[in-house]
Amino acid sequence: MKNYNTSKIRNLALVGHSGAGKTSLTESLLFKTGVIDKKGKVESGNTVSDYEKQEKKRNISLQTSIIPIEYNDYKLNFIDSPGFFDFEGEVLQALRAAESALFVIDGEKGIEVGTEKYWKYTQKINLPSIIFVNKLDKENANFNKVVSDLHIEFGKNIIPLTLMLGEGEEYEGIIDVMDKKAYTYHNDEKAEAEIPEIRMAEVEEVYNQVIEAVAESDDALMEKFFEGEEFSEAEIREGLSKAILNGKVVPLIAGSTEKMIGLTSLLDCIIKYMPAIDDESANIGFRVADGYEAFEAKEDAPFSAVVFKTLADPFLGKISIFKVLSGSISKDDKLYNASKDRDEKIASLFYLRGNEQIKTDKVVAGDIGAFAKLEATSTGDTLCSKENKILYKQVKYPKPVLFYAIKAVSRADEDKISEALQKLAEEDPSFNNEMNRETSQQVLSGLGNVQLEVIMDKLKDNYSVNTEIVEYRIPYRETIKGKSDVQGKHKKQSGGAGQYGDVFIRFEPTEEDFVFDEEVFGGAVPKNYFPAVEKGLEESLLEGPLAGFKVTGVKATLYDGSYHPVDSNEQAFKTAARIAFKKGIEEADPILLEPVMALEINVPDANMGDVMGDMNKRRGRILGMEPQEDGSQIIKAEAPLSEVLTYAIDLRSQTSARGSFSMDFVRYEEVPKEITQKVIENYKKD
């Protein structure tokens, strides 16, 4: 693969609903441009883009894949992202690394939830878009309905630059609106054809829409338009590009990856109208951190790049996929990680096409490359030179909302699980893992059940670590509502030196986690034993008397006691304090506390009633609602963690995957008495 100038490079994030044909599109484009001799199929597990074992097994894309296409002396980097919602983090990575989004829509199914979701996002970040309506060769495909629905849902600025010749199984080609020519396709051979007379009025109507959009892009062109003068090809190209960059036009191409129809029209449209990184109005997804000034997106500017995706290959090691935002990088250059303040050594520099590594000696501004085995670098890090430092902001990934507790099947698996999970977390920043010290459980957290199940499968397939899901233990707490006054006495005599410690302690509630105080008079307990008493109490906090949960919100005041001049020691007073603690907490009206979460739930207005009713059933409290510009509502609520462990799955079901939410811990609250007893019984069984 040759090197291209910055202005000859296009980066497009492939987005859309799962199953719309994004991966099939890249496969057809690779075949069309002669990279592969035979098209693979997703269901056969032999596509260039979906090469990972789990992708082949599940027949869906699970991670971002880079597919560069060379066409008419241009390089087009298609960033293929998953359509399944659990992998939203991958989509955000892809959109951030692109100057435009390529939406793929199923011509039979029309607008689906994935299209809606990412359309809203691209509109929010002002990312130029282009639409490819796929599968128009299918029996129930309806191009006109798809276009009509798009106009209703997303706006009249969506303009088809190609129209269909034939429908369903009779679909044979396209009408190019801009050239006013028709083309038929047979066995991947493209032939010019006559536009049916009956279609000419339709072609003229769409063409005039484009010309009006071109006129509105520039005052001089608007004046020319009103005077009835025709635009030159260069003026149309420049004006349409401006309109696309400003979001006033979203070009739409009709096609079929199966019949190879519309692919050259799509490629030509991308080259002519979609932005490169050095276009003045191009929307660059990587924002410079405070205190730094952006470099020009040119090859002769100082070098800067951002790693937007990490692959953790168990055999090849870590691969860092980066986009050059300014300047260029060569394999012999010195590399500096500004995010980690570390020098990095370039072991190898290459382009990726799926999992194929294509060696190169240079990657320029606007292009996407990869390094192997960078030691300190991770996803989101800024790379530059030490002489010209710069730092780019990190992308904000959705917070995990679903939690799995897992355990290793064997001791051998236990020894390997931590390192394996760390590598998988490098690949997917929207996934977290931690060892919960309170519950002694390994907890995986993410955006959905498929994501977490894939993580577990990867543990097994890639790292030979076998795990199983176990019941998630809620990290309850114990505290007291009343007061108590108790004695804790430890006396033991066994031949030689004995053990003697005697303390009187008052227990009462406090707003703090734990407070230790002393009011001992007359040396009843020598001062040198105070730390031992405090230590004994602190150790006791780790396991409460109700069900063995951590104790919080307790003030303990040591006010009296006694000691033995020979048998007393620190250990004896620690033990006496533990005895007093157990007795004192039991007598001070102990209660169970549960973690309460704050939720922000974004739902379509039509689902408001169902979602609010369901939240009430979960012992939730609705705190308020905020209408959004897109017609949805944000419901602010609080609910116990135990009631929302599977809420990510349930909300998706209630809203046909249109709803989403974020969740944060806010505080601990008392567990209702009828639930307290069940919790205690369950945990005592365990």
# chains A, B, ... in the order shown; residues from 1 in each chain; ligands from 1

call {"tool": "closest_atom_pairs", "arguments": {"of": "segment 311-401 of chain A", "to": "segment 260-276 of chain A", "cutoff": "12 Å", "atoms": "only C-alpha atoms", "output": "Markdown table"}}
result
| residue | atom | partner | partner_atom | distance |
| --- | --- | --- | --- | --- |
| A:Leu325 | CA | A:Ala276 | CA | 11.3 |
| A:Ala365 | CA | A:Ala276 | CA | 10.0 |
| A:Gly366 | CA | A:Ala276 | CA | 7.2 |
| A:Asp367 | CA | A:Ala276 | CA | 9.9 |

call {"tool": "write_last_selection", "arguments": {"atoms": "N, CA and C atoms", "output": "compact mmCIF listing (two decimals), in the first residue's frame"}}
result
# COMPACT_ATOMS: atom_id res chain seq x y z
N LEU A 325 -2.94 13.35 13.70
CA LEU A 325 -3.73 14.58 13.63
C LEU A 325 -2.93 15.74 13.04
N ALA A 365 -0.51 12.99 8.38
CA ALA A 365 -1.70 13.59 8.99
C ALA A 365 -2.96 13.13 8.27
N GLY A 366 -3.95 12.70 9.05
CA GLY A 366 -5.21 12.23 8.50
C GLY A 366 -5.28 10.74 8.30
N ASP A 367 -4.15 10.06 8.38
CA ASP A 367 -4.14 8.62 8.14
C ASP A 367 -4.16 7.85 9.47

call {"tool": "residues_around", "arguments": {"residues": "Tyr463 of chain A", "least_positions_apart": "6", "cutoff": "9 Å", "atoms": "only C-alpha atoms", "output": "list in words"}}
result
Pro314, Lys416, Ile417 and Ala420 of chain A

call {"tool": "residues_around", "arguments": {"residues": "Ala141 of chain A", "least_positions_apart": "6", "cutoff": "7 Å", "atoms": "only C-alpha atoms", "output": "list of chain:residue names"}}
result
A:Gly107, A:Glu108, A:Gly168

call {"tool": "closest_residue", "arguments": {"among": "A:Ile505, A:Ile69, A:Ile130, A:Ala412", "to": "Met1 of chain A", "atoms": "only C-alpha atoms"}}
result
A:Ile69

call {"tool": "closest_residue", "arguments": {"among": "A:Leu102, A:Leu29, A:Met625, A:Leu592", "to": "Asn11 of chain A", "atoms": "only C-alpha atoms"}}
result
A:Leu102

call {"tool": "closest_residue", "arguments": {"among": "A:Val603, A:Ala289, A:Ile244, A:Val364", "to": "Ser129 of chain A", "atoms": "only C-alpha atoms"}}
result
A:Ile244

call {"tool": "residues_around", "arguments": {"residues": "Val15 of chain A", "least_positions_apart": "2", "cutoff": "8 Å", "atoms": "only C-alpha atoms", "output": "JSON, numbers by chain"}}
result
{"A": [13, 17, 22, 80, 81, 82, 83, 91, 101, 102, 103, 104, 115, 118]}
